[in-house]
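Trainee: Got a file for you: model_30.txt, compact mmCIF, C-alpha atoms and all ligand atoms.
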```txt
# COMPACT_ATOMS: atom_id res chain seq x y z
CA MET R 1 29.16 -0.89 -0.69
CA ALA R 2 26.07 -1.44 1.32
CA ASN R 3 22.87 -1.58 -0.63
CA ASP R 4 20.06 -0.20 1.50
CA THR R 5 17.28 -0.79 -1.00
CA ARG R 6 14.14 -1.56 0.94
CA ARG R 7 11.53 -3.75 -0.68
CA SER R 8 8.01 -4.01 0.70
CA GLY R 9 5.60 -6.86 0.28
CA SER R 10 2.28 -8.17 1.47
CA CYS R 11 -0.25 -10.96 1.15
CA LEU R 12 -3.26 -10.63 -1.13
CA CYS R 13 -5.59 -9.15 1.50
CA GLY R 14 -2.93 -6.89 3.00
CA GLY R 15 -3.26 -8.38 6.47
CA ILE R 16 0.42 -9.25 6.48
CA GLN R 17 3.00 -6.61 5.58
CA PHE R 18 6.73 -7.09 5.42
CA SER R 19 9.92 -5.62 4.11
CA VAL R 20 13.42 -6.77 3.24
CA THR R 21 16.42 -4.48 3.00
CA GLY R 22 19.57 -4.82 0.93
CA ASP R 23 20.68 -7.51 -1.46
CA PRO R 24 19.42 -11.07 -1.09
CA TYR R 25 21.82 -13.94 -0.49
CA ARG R 26 20.50 -15.71 -3.55
CA VAL R 27 17.58 -15.79 -5.97
CA GLY R 28 16.21 -19.02 -7.35
CA LEU R 29 13.41 -20.75 -9.12
CA CYS R 30 12.01 -24.15 -8.21
CA HIS R 31 9.90 -26.64 -10.14
CA CYS R 32 9.57 -29.22 -7.36
CA LYS R 33 6.33 -30.89 -6.40
CA ASP R 34 5.98 -28.98 -3.15
CA CYS R 35 6.45 -25.63 -4.88
CA ARG R 36 3.86 -26.56 -7.45
CA LYS R 37 1.30 -27.79 -4.94
CA ALA R 38 1.81 -24.96 -2.49
CA SER R 39 1.62 -22.23 -5.09
CA GLY R 40 -0.85 -23.83 -7.47
CA SER R 41 1.44 -22.56 -10.19
CA THR R 42 4.02 -24.54 -12.16
CA PHE R 43 7.07 -23.22 -10.32
CA SER R 44 7.99 -20.79 -7.62
CA ALA R 45 10.45 -17.91 -7.75
CA PHE R 46 11.99 -16.81 -4.50
CA ALA R 47 14.77 -14.77 -2.96
CA VAL R 48 16.54 -15.41 0.32
CA TRP R 49 17.64 -12.60 2.65
CA PRO R 50 19.48 -12.67 5.95
CA LEU R 51 17.04 -12.67 8.83
CA GLU R 52 18.21 -9.28 10.08
CA ALA R 53 17.12 -7.69 6.79
CA PHE R 54 13.52 -8.70 7.42
CA GLU R 55 10.63 -6.97 9.22
CA THR R 56 7.03 -8.09 9.33
CA ALA R 57 3.63 -7.42 10.87
CA GLY R 58 0.53 -9.60 10.86
CA ILE R 59 -0.52 -13.09 11.81
CA VAL R 60 1.09 -15.89 9.80
CA SER R 61 0.14 -19.55 9.44
CA THR R 62 2.60 -22.20 8.38
CA TYR R 63 2.43 -25.63 6.83
CA GLY R 64 5.69 -27.49 6.44
CA ASP R 65 8.10 -25.23 4.65
CA ARG R 66 5.50 -22.63 3.68
CA SER R 67 4.08 -19.58 5.36
CA PHE R 68 0.84 -17.97 4.33
CA CYS R 69 -1.91 -15.62 5.41
CA PRO R 70 -4.73 -17.43 7.26
CA THR R 71 -7.26 -15.02 5.78
CA CYS R 72 -6.44 -14.92 2.06
CA GLY R 73 -4.01 -17.84 1.71
CA GLY R 74 -1.40 -15.62 0.07
CA ARG R 75 2.18 -16.78 0.48
CA VAL R 76 4.35 -14.73 2.81
CA PRO R 77 8.01 -15.06 3.78
CA LEU R 78 9.15 -18.25 5.41
CA VAL R 79 11.36 -17.50 8.39
CA ARG R 80 14.21 -19.94 8.96
CA GLU R 81 16.89 -19.92 11.61
CA ASN R 82 19.20 -17.43 9.92
CA GLU R 83 17.42 -16.40 6.78
CA VAL R 84 14.06 -15.63 5.29
CA GLU R 85 12.71 -16.94 2.01
CA VAL R 86 10.51 -14.51 0.12
CA THR R 87 8.36 -15.52 -2.83
CA ILE R 88 9.10 -12.85 -5.40
CA GLY R 89 5.44 -12.49 -6.32
CA SER R 90 4.61 -11.30 -2.81
CA LEU R 91 6.72 -8.17 -3.27
CA ASP R 92 4.91 -4.96 -4.11
CA GLU R 93 7.16 -3.66 -6.86
CA VAL R 94 6.22 -5.14 -10.24
CA PRO R 95 8.24 -6.11 -12.11
CA THR R 96 11.01 -6.40 -9.58
CA GLU R 97 14.49 -5.04 -10.21
CA GLY R 98 17.68 -6.88 -9.38
CA LEU R 99 16.06 -10.17 -8.42
CA GLU R 100 16.75 -12.40 -11.39
CA PRO R 101 17.14 -16.06 -10.46
CA SER R 102 20.67 -17.40 -10.81
CA TYR R 103 19.70 -21.04 -10.40
CA GLU R 104 16.83 -23.42 -11.08
CA LEU R 105 15.90 -26.45 -9.02
CA TRP R 106 14.18 -29.72 -10.00
CA VAL R 107 14.47 -28.86 -13.67
CA ASN R 108 13.27 -32.31 -14.73
CA ARG R 109 9.86 -31.17 -13.57
CA ARG R 110 9.92 -27.98 -15.59
CA GLU R 111 6.97 -27.65 -17.95
CA HIS R 112 7.85 -28.31 -21.56
CA TRP R 113 6.65 -24.86 -22.56
CA LEU R 114 9.21 -23.23 -20.28
CA GLN R 115 12.84 -22.73 -21.24
CA PRO R 116 15.86 -22.87 -18.97
CA LEU R 117 16.62 -19.40 -17.73
CA PRO R 118 19.69 -18.16 -19.62
CA GLY R 119 22.75 -18.17 -17.40
CA ALA R 120 21.01 -19.86 -14.49
CA ARG R 121 22.63 -22.93 -12.95
CA GLN R 122 20.49 -25.98 -13.51
CA PHE R 123 20.00 -28.47 -10.70
CA GLU R 124 18.31 -31.79 -11.12
CA HIS R 125 17.17 -31.75 -7.50
CA ASP R 126 17.87 -29.43 -4.59
CA ARG R 127 20.67 -26.94 -4.69
CA VAL R 128 24.14 -28.29 -4.08
CA ASP R 129 26.15 -25.78 -2.11
CA ASP R 130 29.53 -26.49 -3.68
CA GLY R 131 30.95 -23.08 -2.99
CA ALA R 132 30.59 -21.95 -6.59
CA LYS R 133 29.56 -18.37 -6.87
CA ASN R 134 26.29 -17.50 -8.53
CA ASP R 135 28.03 -15.40 -11.12
CA GLY R 136 25.92 -16.35 -14.06
CA LEU R 137 28.10 -19.14 -15.38
CA THR R 138 26.11 -21.87 -16.97
CA ALA R 139 27.28 -24.94 -15.18
CA ASP R 140 26.25 -28.02 -17.03
CA LEU R 141 25.42 -30.01 -13.95
CA ILE R 142 22.91 -32.05 -15.85
CA SER R 143 22.99 -33.36 -19.34
CA GLU R 144 19.97 -32.32 -21.27
CA GLY R 145 20.08 -35.01 -23.90
CA ALA R 146 19.97 -33.07 -27.13
CA GLU R 147 22.38 -30.41 -26.03
CA THR R 148 22.27 -27.04 -27.66
CA GLN R 149 25.38 -25.42 -29.00
CA SER R 150 25.56 -23.27 -25.91
CA SER R 151 28.11 -25.55 -24.28
CA ASN R 152 30.51 -24.82 -27.12
CA LEU R 153 30.21 -21.09 -26.72
CA PRO R 154 32.50 -19.13 -24.46
CA ARG R 155 31.11 -18.80 -20.99
CA ARG R 156 29.11 -15.69 -20.52
CA LYS R 157 30.03 -13.15 -17.93
CA SER R 158 27.38 -11.27 -16.13
CA ALA R 159 27.54 -8.48 -13.64
ZN ZN C 201 -3.92 -12.00 3.54
ZN ZN C 202 10.54 -26.36 -4.65
```
Can you give me the file's structure in the form of structure tokens?
Mentor:
Amino acid sequence: MANDTRRSGSCLCGGIQFSVTGDPYRVGLCHCKDCRKASGSTFSAFAVWPLEAFETAGIVSTYGDRSFCPTCGGRVPLVRENEVEVTIGSLDEVPTEGLEPSYELWVNRREHWLQPLPGARQFEHDRVDDGAKNDGLTADLISEGAETQSSNLPRRKSA
């Protein structure tokens, strides 16, 4: 079943426009230092699509692993060799549908006033590609000290 949902996005000033089509490979949330500094926010939420799903127009600047508009500074998709990473906030539809993060990175840096996303895999550092499917299972990859009772509950299934 091919999903041909097309999502449009842009930078703050509109100088860069882009779109992604279909389902992303994965959707995540990152609390790492780079994501904080680059966004100015306390974490970044992003989705990764195959490169062929991506179209764009406009002039893009890059710094390290980030792409942004040279006029307004708004984050725009980072193009890698085979995939493109889209910050969810740069998409036009608000709130987005079908783009809930299934994993969180660098959770030790998560602000104390934020909670772990229910059902999202928790990684202490970068994502470990261990072949596990992002099916919403709560893998206890890290021990959180005072553990909640959630680890005693049956694993939750999600669609
Ligand atoms: Zn702009
Ligand atoms: Zn990060």
Trainee: Can you tell me, as a ChimeraX atom specification, what residues are no more than 8 Å from Thr87 in chain R when counting only C-alpha atoms, ignoring any on the same chain fewer than 6 positions away?
Mentor: /R:44-47,75-77
Trainee: I need the chosen residues saved as a CSV table (one decimal), in the frame of the given file, with C-alpha atoms.
Mentor:
```csv
chain,number,residue,atom,x,y,z
R,44,SER,CA,8.0,-20.8,-7.6
R,45,ALA,CA,10.4,-17.9,-7.8
R,46,PHE,CA,12.0,-16.8,-4.5
R,47,ALA,CA,14.8,-14.8,-3.0
R,75,ARG,CA,2.2,-16.8,0.5
R,76,VAL,CA,4.4,-14.7,2.8
R,77,PRO,CA,8.0,-15.1,3.8
```
Trainee: Find, counting all atoms listed in the file, the residue in R:Pro101, R:Pro70, R:Gly119, R:Gly14 that gets nearest to Ile88 in chain R.
Mentor: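 Among the listed residues, R:Pro101 lies closest to Ile88 in chain R.
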Trainee: Step by step: start from the point (19.1, -17.8, -13.5) in the file's coordinates, keep every protein, DNA or RNA residue that has an atom no farther than 8 Å from it, count all atoms listed in the file, and write the set as a PyMOL selection string.
Mentor: chain R and resi 27-29+100-104+117-121+136
Trainee: Report the closest atom pair, with its distance in Å rounded to one decimal, for each residue of chain R that has an atom no farther than 7 Å from ligand ZN 201 (chain C); count all atoms listed in the file, sort by chain and then rising residue number, and write it as JSON lines.
Mentor:
```
{"residue": "R:Cys11", "atom": "CA", "partner": "C:ZN201", "partner_atom": "ZN", "distance": 4.5}
{"residue": "R:Leu12", "atom": "CA", "partner": "C:ZN201", "partner_atom": "ZN", "distance": 4.9}
{"residue": "R:Cys13", "atom": "CA", "partner": "C:ZN201", "partner_atom": "ZN", "distance": 3.9}
{"residue": "R:Gly14", "atom": "CA", "partner": "C:ZN201", "partner_atom": "ZN", "distance": 5.2}
{"residue": "R:Gly15", "atom": "CA", "partner": "C:ZN201", "partner_atom": "ZN", "distance": 4.7}
{"residue": "R:Ile16", "atom": "CA", "partner": "C:ZN201", "partner_atom": "ZN", "distance": 5.9}
{"residue": "R:Cys69", "atom": "CA", "partner": "C:ZN201", "partner_atom": "ZN", "distance": 4.5}
{"residue": "R:Pro70", "atom": "CA", "partner": "C:ZN201", "partner_atom": "ZN", "distance": 6.6}
{"residue": "R:Thr71", "atom": "CA", "partner": "C:ZN201", "partner_atom": "ZN", "distance": 5.0}
{"residue": "R:Cys72", "atom": "CA", "partner": "C:ZN201", "partner_atom": "ZN", "distance": 4.1}
{"residue": "R:Gly73", "atom": "CA", "partner": "C:ZN201", "partner_atom": "ZN", "distance": 6.1}
{"residue": "R:Gly74", "atom": "CA", "partner": "C:ZN201", "partner_atom": "ZN", "distance": 5.6}
```
Trainee: Taking only C-alpha atoms and all ligand atoms into account, which residues are within 8 Å of ligand ZN 202 (chain C), as an MDAnalysis selection string?
Mentor: chainID R and resid 29:36 43:44 105:106 126
Trainee: Have a look at R:Glu111, R:Glu83, R:Glu55, R:Asp65 and name the one nearest to Ala38 in chain R; count all atoms listed in the file.
Mentor: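 Going through R:Glu111, R:Glu83, R:Glu55, R:Asp65 one by one, the smallest distance to Ala38 in chain R is for R:Asp65.
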Trainee: Which is closer to Lys37 in chain R than all the others in R:Asn3, R:Ser19, R:Arg66, R:Leu78, using all atoms listed in the file?
Mentor: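 Checking each candidate against Lys37 in chain R, we get R:Arg66 as the closest.
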Trainee: List the spatial neighbours of Phe54 in chain R as a list of chain:residue names - criterion: any atom at most 6 Å away, all atoms listed in the file, same-chain residues fewer than 2 positions off excluded.
Mentor: R:Ser19, R:Val20, R:Leu51, R:Glu52
Trainee: For the residues in the current selection, export C-alpha atoms as a PDB file, keeping the file's coordinate frame.
Mentor:
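Wrote selection.pdb, looks like this:
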```pdb
ATOM      1  CA  SER R  19       9.920  -5.620   4.110  1.00  0.00           C
ATOM      2  CA  VAL R  20      13.420  -6.770   3.240  1.00  0.00           C
ATOM      3  CA  LEU R  51      17.040 -12.670   8.830  1.00  0.00           C
ATOM      4  CA  GLU R  52      18.210  -9.280  10.080  1.00  0.00           C
TER       5      GLU R  52
END
```
Trainee: Between CA of Gly89 in chain R and CA of Asp4 in chain R, measure the distance and give it in Å to one decimal.
Mentor: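 Spanning CA of Gly89 in chain R to CA of Asp4 in chain R is a straight-line distance of 20.6 Å.
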Trainee: For Val79 in chain R, which residue among R:Leu99, R:Ile59, R:Leu91, R:Val48 is the nearest when counting only C-alpha atoms?
Mentor: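 For Val79 in chain R, the nearest of the candidates is R:Val48.
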Trainee: What are the centre and the three edge lengths of an axis-aligned box that wraps all atoms of range 35-52 of chain R in the file, given that 6 Å is added to every side, written as AutoDock Vina command-line options and rounded to one decimal in Å?
Mentor:
```
--center_x 9.3 --center_y -18.5 --center_z -1.0 --size_x 32.3 --size_y 30.5 --size_z 34.2
```
Trainee: For each of R:Val128, R:Val60, R:Ala53, R:Val94, take the minimum atom-to-atom distance to Gln17 in chain R, counting all atoms listed in the file, then give the residue where this is smallest.
Mentor: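 Residue with the minimum atom-to-atom distance to Gln17 in chain R: R:Val60.
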Trainee: For CA of Ala57 in chain R and CA of Tyr25 in chain R, determine how far apart the two atoms are, in Å to one decimal place.
Mentor: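 Between CA of Ala57 in chain R and CA of Tyr25 in chain R the gap works out to 22.4 Å.
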Trainee: One decimal, in Å: what's the spacing between CA of Arg26 in chain R and CA of Trp49 in chain R?
Mentor: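 Pair CA of Arg26 in chain R / CA of Trp49 in chain R returns 7.5 Å.
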Trainee: Report as a list of chain:residue names all protein, DNA and RNA residues lying within 9 Å of Asp92 in chain R, evaluated on all atoms listed in the file, omitting residues in the same chain fewer than 4 positions from it.
Mentor: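 So, after excluding close chain neighbours, the residues are R:Arg7, R:Ser8, R:Gly9, R:Ser10, R:Thr96.
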Trainee: With distances taken over only C-alpha atoms, which of R:Ser39, R:Ala2, R:Pro50, R:Thr21 is nearest to Phe68 in chain R?
Mentor: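 For Phe68 in chain R, the nearest of the candidates is R:Ser39.
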Trainee: Please, can range 37-56 of chain R be completed to N, CA and C atoms and returned as a CSV table (one decimal), in the frame of the given file?
Mentor:
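part31.csv, freshly written:
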```
chain,number,residue,atom,x,y,z
R,37,LYS,N,2.5,-27.6,-5.7
R,37,LYS,CA,1.3,-27.8,-4.9
R,37,LYS,C,1.0,-26.6,-4.0
R,38,ALA,N,2.0,-26.1,-3.4
R,38,ALA,CA,1.8,-25.0,-2.5
R,38,ALA,C,1.4,-23.7,-3.2
R,39,SER,N,1.9,-23.5,-4.4
R,39,SER,CA,1.6,-22.2,-5.1
R,39,SER,C,0.4,-22.4,-6.0
R,40,GLY,N,0.2,-23.6,-6.5
R,40,GLY,CA,-0.8,-23.8,-7.5
R,40,GLY,C,-0.4,-23.4,-8.9
R,41,SER,N,0.8,-22.9,-8.9
R,41,SER,CA,1.4,-22.6,-10.2
R,41,SER,C,2.5,-23.6,-10.6
R,42,THR,N,3.2,-23.5,-11.7
R,42,THR,CA,4.0,-24.5,-12.2
R,42,THR,C,5.4,-24.4,-11.6
R,43,PHE,N,5.8,-23.3,-11.0
R,43,PHE,CA,7.1,-23.2,-10.3
R,43,PHE,C,7.0,-22.1,-9.3
R,44,SER,N,8.0,-21.9,-8.5
R,44,SER,CA,8.0,-20.8,-7.6
R,44,SER,C,9.3,-20.1,-7.8
R,45,ALA,N,9.3,-18.8,-7.7
R,45,ALA,CA,10.4,-17.9,-7.8
R,45,ALA,C,10.6,-17.2,-6.4
R,46,PHE,N,11.8,-17.3,-5.9
R,46,PHE,CA,12.0,-16.8,-4.5
R,46,PHE,C,13.4,-16.2,-4.3
R,47,ALA,N,13.5,-15.4,-3.3
R,47,ALA,CA,14.8,-14.8,-3.0
R,47,ALA,C,15.0,-14.9,-1.5
R,48,VAL,N,16.2,-15.1,-1.1
R,48,VAL,CA,16.5,-15.4,0.3
R,48,VAL,C,17.4,-14.3,0.9
R,49,TRP,N,16.9,-13.7,2.0
R,49,TRP,CA,17.6,-12.6,2.6
R,49,TRP,C,18.1,-13.1,4.0
R,50,PRO,N,19.1,-12.4,4.6
R,50,PRO,CA,19.5,-12.7,6.0
R,50,PRO,C,18.3,-12.2,6.9
R,51,LEU,N,18.2,-12.9,7.9
R,51,LEU,CA,17.0,-12.7,8.8
R,51,LEU,C,17.0,-11.2,9.3
R,52,GLU,N,18.2,-10.6,9.5
R,52,GLU,CA,18.2,-9.3,10.1
R,52,GLU,C,17.7,-8.2,9.1
R,53,ALA,N,17.6,-8.6,7.8
R,53,ALA,CA,17.1,-7.7,6.8
R,53,ALA,C,15.6,-7.6,6.7
R,54,PHE,N,15.0,-8.4,7.6
R,54,PHE,CA,13.5,-8.7,7.4
R,54,PHE,C,12.7,-8.1,8.6
R,55,GLU,N,11.6,-7.4,8.2
R,55,GLU,CA,10.6,-7.0,9.2
R,55,GLU,C,9.2,-7.4,8.8
R,56,THR,N,8.4,-7.7,9.7
R,56,THR,CA,7.0,-8.1,9.3
R,56,THR,C,6.0,-7.7,10.4
```
